[in-house]
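Colleague: Before I ask anything, here is the structure I am working with.
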Amino acid sequence: MRFPKRALLDYILNLLLPVHCVHCHAPVQERRWGGACPECWSSLIRVEPPFCTKCGEPAPAIEGLCGLCIKGEHAFDFARSALLFTRTLRDIIHHLKYSDRVSLAKPLGDILKECLEREAFTGDLIIPVPLHRSRERQRGFNQAELIAERLGRPVAPRLLCRRKNTPSQTGLTRNERKRNLASAFQMRGEVKGRVIVVDDVYTTGSTMHEIARTLKRAGAERVEVLTVARVANEIYRADETDIAAGASITQ
Ligand SMILES: [Zn+2]
Ligand SMILES: [Zn+2]
């Protein structure tokens, strides 16, 4: 019997170093799935309309803009997320960030690429949300950068830097988050034209607001935002996503 090369390689690797799904702990036979099983990947929930035409916030009966966009609360011009922040996705992102399961960045990046191509993005330069230097040194990588590398467009990972090592924003109100983030980012060079800021999770949009302000002050004409996950607001929160309120989301 002949194995395709890839299957044979996976077979040998599974004998030597078996991989178990980060969410359901089932054995993962094919390495291309990273550290989660195909069932868990296919259980992820796409963000689908209806959502705010500007910031992409899902809401059951929204037409046009959400309340925050009507009030002009977001300095960015356009935002979309690929998936709702469900328990399964929380585990996948958590293991990517804190357990060095960097193989998870590939499938996440591929899901994000689909979203980038499907939605009306116009930017041509990708800027991953930076970590503070000390955090990146401690982790050894920036997850936003790993994901951004799968998008097939030019990436500028060092153009923007994080000056403040902001503590976890969990449990803070929008205004407290804003105050925490004021002057948190700084440019290391010039920027012009249209850019796409990429991150793993979009929570309240405060981080993206502050980044967009920084980029626009430095010359960006249009700032678009693309994230893997979207923490759904209370009206929308379904059973699977009810973790959102107490979820621990740090950089
Ligand atoms: Zn699984
Ligand atoms: Zn909106």
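Within each chain, counting starts at residue 1; across the structure tokens, chains are named A, B, ... in the order shown, with ligands numbered 1 upward in that order.
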Going by DSSP on the backbone, which bits of region 66-240 of chain A are strand (DSSP E)? Write them as a PyMOL selection string, please.

Modeller: chain A and resi 78-84+125-128+160-162+185-187+193-202+220-230

Colleague: Quick one: which chain A residues come within 7 Å of ligand 2, and what is the nearest atom pair for each with the distance in Å to one decimal, counting only C-alpha atoms and all ligand atoms, rows ordered by chain and ascending number, as a Markdown table?

Modeller:
| residue | atom | partner | partner_atom_place_in_ligand_line | distance |
| --- | --- | --- | --- | --- |
| A:Cys52 | CA | ligand 2 | 1 (Zn) | 4.6 |
| A:Thr53 | CA | ligand 2 | 1 (Zn) | 6.6 |
| A:Lys54 | CA | ligand 2 | 1 (Zn) | 5.1 |
| A:Cys55 | CA | ligand 2 | 1 (Zn) | 4.0 |
| A:Gly56 | CA | ligand 2 | 1 (Zn) | 6.0 |
| A:Glu57 | CA | ligand 2 | 1 (Zn) | 5.5 |
| A:Leu65 | CA | ligand 2 | 1 (Zn) | 5.2 |
| A:Cys66 | CA | ligand 2 | 1 (Zn) | 4.1 |
| A:Gly67 | CA | ligand 2 | 1 (Zn) | 6.6 |
| A:Leu68 | CA | ligand 2 | 1 (Zn) | 5.7 |
| A:Cys69 | CA | ligand 2 | 1 (Zn) | 4.3 |

Colleague: Please provide the set of residues having any atom within 8 Å of Glu119 (chain A), restricted to only C-alpha atoms, with same-chain residues fewer than 3 positions apart removed, written as a JSON list (two decimals) with N, CA and C atoms, in the first residue's frame.

Modeller:
[["chain", "number", "residue", "atom", "x", "y", "z"],
["A", 80, "ARG", "N", -13.69, 44.50, 9.96],
["A", 80, "ARG", "CA", -14.39, 43.23, 9.83],
["A", 80, "ARG", "C", -13.64, 42.17, 10.63],
["A", 115, "CYS", "N", -11.61, 36.13, 4.70],
["A", 115, "CYS", "CA", -12.39, 37.30, 5.11],
["A", 115, "CYS", "C", -11.87, 38.56, 4.40],
["A", 116, "LEU", "N", -10.55, 38.69, 4.31],
["A", 116, "LEU", "CA", -9.93, 39.83, 3.64],
["A", 116, "LEU", "C", -10.37, 39.90, 2.17]]

Colleague: 10 Å from ligand 1 is the threshold here; counting only C-alpha atoms and all ligand atoms, which polymer residues fall inside it? Answer as JSON, numbers by chain.

Modeller: {"A": [20, 21, 22, 23, 24, 25, 26, 27, 28, 35, 36, 37, 38, 39, 40, 41, 42, 43, 88, 92]}

Colleague: Using only N, CA and C atoms, please write the residues we just selected to a file, as a PDB file, in the first residue's frame.

Modeller:
ATOM      1  N   HIS A  20      -2.763  16.556  20.412  1.00  0.00           N
ATOM      2  CA  HIS A  20      -4.158  16.509  20.842  1.00  0.00           C
ATOM      3  C   HIS A  20      -4.779  17.882  20.701  1.00  0.00           C
ATOM      4  N   CYS A  21      -6.054  17.887  20.308  1.00  0.00           N
ATOM      5  CA  CYS A  21      -6.759  19.140  20.053  1.00  0.00           C
ATOM      6  C   CYS A  21      -6.757  20.026  21.310  1.00  0.00           C
ATOM      7  N   VAL A  22      -6.453  21.304  21.124  1.00  0.00           N
ATOM      8  CA  VAL A  22      -6.371  22.223  22.265  1.00  0.00           C
ATOM      9  C   VAL A  22      -7.734  22.461  22.920  1.00  0.00           C
ATOM     10  N   HIS A  23      -8.810  22.163  22.207  1.00  0.00           N
ATOM     11  CA  HIS A  23     -10.137  22.383  22.786  1.00  0.00           C
ATOM     12  C   HIS A  23     -10.759  21.079  23.303  1.00  0.00           C
ATOM     13  N   CYS A  24     -10.874  20.045  22.433  1.00  0.00           N
ATOM     14  CA  CYS A  24     -11.612  18.831  22.837  1.00  0.00           C
ATOM     15  C   CYS A  24     -10.689  17.656  23.166  1.00  0.00           C
ATOM     16  N   HIS A  25      -9.386  17.827  22.981  1.00  0.00           N
ATOM     17  CA  HIS A  25      -8.365  16.823  23.308  1.00  0.00           C
ATOM     18  C   HIS A  25      -8.381  15.577  22.427  1.00  0.00           C
ATOM     19  N   ALA A  26      -9.157  15.580  21.344  1.00  0.00           N
ATOM     20  CA  ALA A  26      -9.126  14.445  20.407  1.00  0.00           C
ATOM     21  C   ALA A  26      -7.767  14.433  19.702  1.00  0.00           C
ATOM     22  N   PRO A  27      -7.295  13.228  19.318  1.00  0.00           N
ATOM     23  CA  PRO A  27      -6.019  13.210  18.576  1.00  0.00           C
ATOM     24  C   PRO A  27      -6.150  13.924  17.235  1.00  0.00           C
ATOM     25  N   VAL A  28      -5.147  14.693  16.880  1.00  0.00           N
ATOM     26  CA  VAL A  28      -5.176  15.396  15.584  1.00  0.00           C
ATOM     27  C   VAL A  28      -4.231  14.653  14.646  1.00  0.00           C
ATOM     28  N   GLY A  35      -2.879  22.689  15.943  1.00  0.00           N
ATOM     29  CA  GLY A  35      -3.149  21.952  17.170  1.00  0.00           C
ATOM     30  C   GLY A  35      -4.619  21.775  17.504  1.00  0.00           C
ATOM     31  N   ALA A  36      -5.507  21.964  16.518  1.00  0.00           N
ATOM     32  CA  ALA A  36      -6.936  21.735  16.800  1.00  0.00           C
ATOM     33  C   ALA A  36      -7.466  20.729  15.778  1.00  0.00           C
ATOM     34  N   CYS A  37      -8.514  19.965  16.163  1.00  0.00           N
ATOM     35  CA  CYS A  37      -9.002  18.905  15.270  1.00  0.00           C
ATOM     36  C   CYS A  37      -9.941  19.501  14.204  1.00  0.00           C
ATOM     37  N   PRO A  38     -10.153  18.783  13.105  1.00  0.00           N
ATOM     38  CA  PRO A  38     -11.003  19.311  12.026  1.00  0.00           C
ATOM     39  C   PRO A  38     -12.419  19.634  12.506  1.00  0.00           C
ATOM     40  N   GLU A  39     -12.950  18.829  13.461  1.00  0.00           N
ATOM     41  CA  GLU A  39     -14.310  19.085  13.963  1.00  0.00           C
ATOM     42  C   GLU A  39     -14.359  20.438  14.676  1.00  0.00           C
ATOM     43  N   CYS A  40     -13.341  20.718  15.478  1.00  0.00           N
ATOM     44  CA  CYS A  40     -13.345  22.008  16.194  1.00  0.00           C
ATOM     45  C   CYS A  40     -13.177  23.165  15.209  1.00  0.00           C
ATOM     46  N   TRP A  41     -12.316  22.991  14.218  1.00  0.00           N
ATOM     47  CA  TRP A  41     -12.175  24.068  13.219  1.00  0.00           C
ATOM     48  C   TRP A  41     -13.512  24.304  12.519  1.00  0.00           C
ATOM     49  N   SER A  42     -14.211  23.212  12.178  1.00  0.00           N
ATOM     50  CA  SER A  42     -15.432  23.441  11.397  1.00  0.00           C
ATOM     51  C   SER A  42     -16.595  23.906  12.277  1.00  0.00           C
ATOM     52  N   SER A  43     -16.423  23.832  13.617  1.00  0.00           N
ATOM     53  CA  SER A  43     -17.500  24.318  14.496  1.00  0.00           C
ATOM     54  C   SER A  43     -17.432  25.837  14.698  1.00  0.00           C
ATOM     55  N   THR A  88     -14.516  27.625  21.702  1.00  0.00           N
ATOM     56  CA  THR A  88     -13.515  26.876  20.924  1.00  0.00           C
ATOM     57  C   THR A  88     -12.443  27.832  20.395  1.00  0.00           C
ATOM     58  N   ILE A  92      -8.333  28.091  21.093  1.00  0.00           N
ATOM     59  CA  ILE A  92      -7.343  28.072  20.010  1.00  0.00           C
ATOM     60  C   ILE A  92      -6.411  29.283  20.129  1.00  0.00           C
TER      61      ILE A  92
END

Colleague: Of the residues A:Leu104, A:Ala82, A:Met187, A:Val231, which is the one nearest to Thr170 (chain A), using only C-alpha atoms?

Modeller: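 Looking at the shortest contact to Thr170 (chain A), the residue is A:Val231.
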
Colleague: Write out as a list in words each polymer residue whose atoms come within 8 Å of Val129 (chain A), counting only C-alpha atoms; drop sequence neighbours fewer than 5 positions from it.

Modeller: Ala144, Glu145, Leu160, Val197, Val198 and Asp199 of chain A

Colleague: Could you give me, as a ChimeraX atom specification, the residues within 8 Å of Thr166 (chain A), counting only C-alpha atoms and dropping anything in the same chain fewer than 5 positions from it?

Modeller: /A:180-181,184

Colleague: Within 12 Å of Ala148 (chain A), counting only C-alpha atoms, which residues show up once you throw out same-chain ones fewer than 4 positions away? Write them as a PyMOL selection string, please.

Modeller: chain A and resi 105-113+116+125-130+142-144+152-157+196-200+225-228

Colleague: So, counting only C-alpha atoms, which residue among A:Asn233, A:Gln186, A:Asn165, A:Ser81 is closest to Tyr202 (chain A)?

Modeller: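 Counting only C-alpha atoms, the residue closest to Tyr202 (chain A) is A:Ser81.
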
Colleague: Tell me, as a PyMOL selection string, which residues lie within 8 Å of Ile211 (chain A), counting only C-alpha atoms; anything in the same chain fewer than 4 positions away does not count.

Modeller: chain A and resi 185+207+215

Colleague: Any chance you could export the current selection's N, CA and C atoms as a PDB file, in the first residue's frame?

Modeller:
ATOM      1  N   PHE A 185       0.714  53.915  21.500  1.00  0.00           N
ATOM      2  CA  PHE A 185       1.419  53.502  20.273  1.00  0.00           C
ATOM      3  C   PHE A 185       2.229  54.649  19.694  1.00  0.00           C
ATOM      4  N   THR A 207      -8.601  49.685  21.201  1.00  0.00           N
ATOM      5  CA  THR A 207      -7.210  49.559  20.753  1.00  0.00           C
ATOM      6  C   THR A 207      -7.097  50.006  19.300  1.00  0.00           C
ATOM      7  N   LEU A 215      -1.893  56.243  13.367  1.00  0.00           N
ATOM      8  CA  LEU A 215      -1.555  56.071  11.945  1.00  0.00           C
ATOM      9  C   LEU A 215      -1.991  57.275  11.117  1.00  0.00           C
TER      10      LEU A 215
END

Colleague: Quick check for you: according to DSSP on this backbone, which residues of region 77-175 of chain A are classed as alpha helix (DSSP H)? Reply as an NGL selection string.

Modeller: :A and (87-98 or 105-118 or 133-139 or 143-148 or 174-175)

Colleague: Just write the chosen residues, N, CA and C atoms, as a compact mmCIF listing (two decimals), in the first residue's frame.

Modeller:
# COMPACT_ATOMS: atom_id res chain seq x y z
N ARG A 87 -16.16 29.70 22.63
CA ARG A 87 -15.26 29.00 23.56
C ARG A 87 -14.14 28.27 22.80
N THR A 88 -14.52 27.63 21.70
CA THR A 88 -13.52 26.88 20.92
C THR A 88 -12.44 27.83 20.39
N LEU A 89 -12.88 28.95 19.85
CA LEU A 89 -11.91 29.91 19.30
C LEU A 89 -11.06 30.53 20.41
N ARG A 90 -11.69 30.75 21.56
CA ARG A 90 -10.93 31.27 22.70
C ARG A 90 -9.78 30.32 23.05
N ASP A 91 -10.07 29.00 23.09
CA ASP A 91 -9.03 28.02 23.42
C ASP A 91 -7.93 28.01 22.36
N ILE A 92 -8.33 28.09 21.09
CA ILE A 92 -7.34 28.07 20.01
C ILE A 92 -6.41 29.28 20.13
N ILE A 93 -7.00 30.47 20.31
CA ILE A 93 -6.17 31.68 20.39
C ILE A 93 -5.32 31.68 21.66
N HIS A 94 -5.92 31.20 22.75
CA HIS A 94 -5.18 31.13 24.02
C HIS A 94 -3.94 30.23 23.88
N HIS A 95 -4.11 29.07 23.24
CA HIS A 95 -2.98 28.16 23.10
C HIS A 95 -1.93 28.70 22.14
N LEU A 96 -2.38 29.43 21.14
CA LEU A 96 -1.41 30.07 20.24
C LEU A 96 -0.55 31.05 21.04
N LYS A 97 -1.20 31.85 21.89
CA LYS A 97 -0.47 32.90 22.59
C LYS A 97 0.34 32.42 23.78
N TYR A 98 -0.26 31.54 24.57
CA TYR A 98 0.38 31.23 25.85
C TYR A 98 1.03 29.86 25.92
N ALA A 105 -1.36 29.35 14.03
CA ALA A 105 -1.42 30.64 13.31
C ALA A 105 -1.71 30.44 11.83
N LYS A 106 -1.30 29.30 11.27
CA LYS A 106 -1.49 29.08 9.83
C LYS A 106 -2.96 28.95 9.47
N PRO A 107 -3.69 27.97 10.07
CA PRO A 107 -5.12 27.91 9.73
C PRO A 107 -5.87 29.18 10.09
N LEU A 108 -5.48 29.85 11.18
CA LEU A 108 -6.16 31.11 11.55
C LEU A 108 -5.90 32.17 10.48
N GLY A 109 -4.66 32.22 9.99
CA GLY A 109 -4.31 33.18 8.94
C GLY A 109 -5.07 32.88 7.65
N ASP A 110 -5.27 31.59 7.37
CA ASP A 110 -5.99 31.24 6.14
C ASP A 110 -7.47 31.63 6.23
N ILE A 111 -8.05 31.47 7.42
CA ILE A 111 -9.44 31.89 7.63
C ILE A 111 -9.54 33.41 7.46
N LEU A 112 -8.53 34.11 7.99
CA LEU A 112 -8.53 35.57 7.91
C LEU A 112 -8.37 36.04 6.46
N LYS A 113 -7.59 35.30 5.70
CA LYS A 113 -7.37 35.67 4.29
C LYS A 113 -8.69 35.60 3.50
N GLU A 114 -9.47 34.58 3.81
CA GLU A 114 -10.78 34.46 3.15
C GLU A 114 -11.64 35.69 3.42
N CYS A 115 -11.61 36.13 4.70
CA CYS A 115 -12.39 37.30 5.11
C CYS A 115 -11.87 38.56 4.40
N LEU A 116 -10.55 38.69 4.31
CA LEU A 116 -9.93 39.83 3.64
C LEU A 116 -10.37 39.90 2.17
N GLU A 117 -10.43 38.74 1.54
CA GLU A 117 -10.78 38.72 0.11
C GLU A 117 -12.28 38.89 -0.13
N ARG A 118 -13.08 38.45 0.85
CA ARG A 118 -14.53 38.52 0.69
C ARG A 118 -15.07 39.93 0.93
N ARG A 133 7.59 45.58 23.68
CA ARG A 133 8.84 44.84 23.48
C ARG A 133 9.08 43.76 24.53
N SER A 134 8.79 44.09 25.80
CA SER A 134 9.08 43.12 26.86
C SER A 134 8.17 41.90 26.73
N ARG A 135 6.92 42.14 26.31
CA ARG A 135 6.00 41.01 26.16
C ARG A 135 6.40 40.13 24.97
N GLU A 136 6.82 40.78 23.90
CA GLU A 136 7.23 40.00 22.72
C GLU A 136 8.48 39.17 23.03
N ARG A 137 9.38 39.78 23.80
CA ARG A 137 10.60 39.06 24.16
C ARG A 137 10.25 37.83 25.01
N GLN A 138 9.34 38.03 25.93
CA GLN A 138 8.93 36.95 26.83
C GLN A 138 8.25 35.82 26.03
N ARG A 139 7.38 36.18 25.09
CA ARG A 139 6.64 35.18 24.32
C ARG A 139 7.46 34.60 23.18
N GLN A 143 1.71 37.09 17.91
CA GLN A 143 0.72 36.25 17.22
C GLN A 143 0.07 36.99 16.04
N ALA A 144 -0.12 38.32 16.19
CA ALA A 144 -0.75 39.09 15.10
C ALA A 144 0.14 39.07 13.86
N GLU A 145 1.46 39.09 14.10
CA GLU A 145 2.41 39.07 12.99
C GLU A 145 2.41 37.71 12.29
N LEU A 146 2.37 36.63 13.08
CA LEU A 146 2.34 35.28 12.49
C LEU A 146 1.10 35.11 11.62
N ILE A 147 -0.03 35.60 12.11
CA ILE A 147 -1.29 35.46 11.36
C ILE A 147 -1.23 36.32 10.10
N ALA A 148 -0.69 37.55 10.25
CA ALA A 148 -0.63 38.50 9.12
C ALA A 148 0.24 37.97 7.98
N ARG A 174 -15.46 51.24 28.35
CA ARG A 174 -14.87 51.78 27.13
C ARG A 174 -14.00 53.01 27.40
N ASN A 175 -14.51 53.87 28.29
CA ASN A 175 -13.75 55.08 28.60
C ASN A 175 -12.46 54.79 29.36

Colleague: When you draw a straight line from CA of Gly64 (chain A) to CA of Arg177 (chain A), how long is it in Å?

Modeller: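 Calculated distance between CA of Gly64 (chain A) and CA of Arg177 (chain A) is 25.8 Å.
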
Colleague: For a test of reading the model, state the distance in Å between CA of Thr214 (chain A) and CA of His74 (chain A), rounded to one decimal.

Modeller: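 The value is 12.5 Å.
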
Colleague: Could you state the separation of CA of Ser183 (chain A) and CA of Leu151 (chain A) in Å, given to one decimal place?

Modeller: 28.3 Å
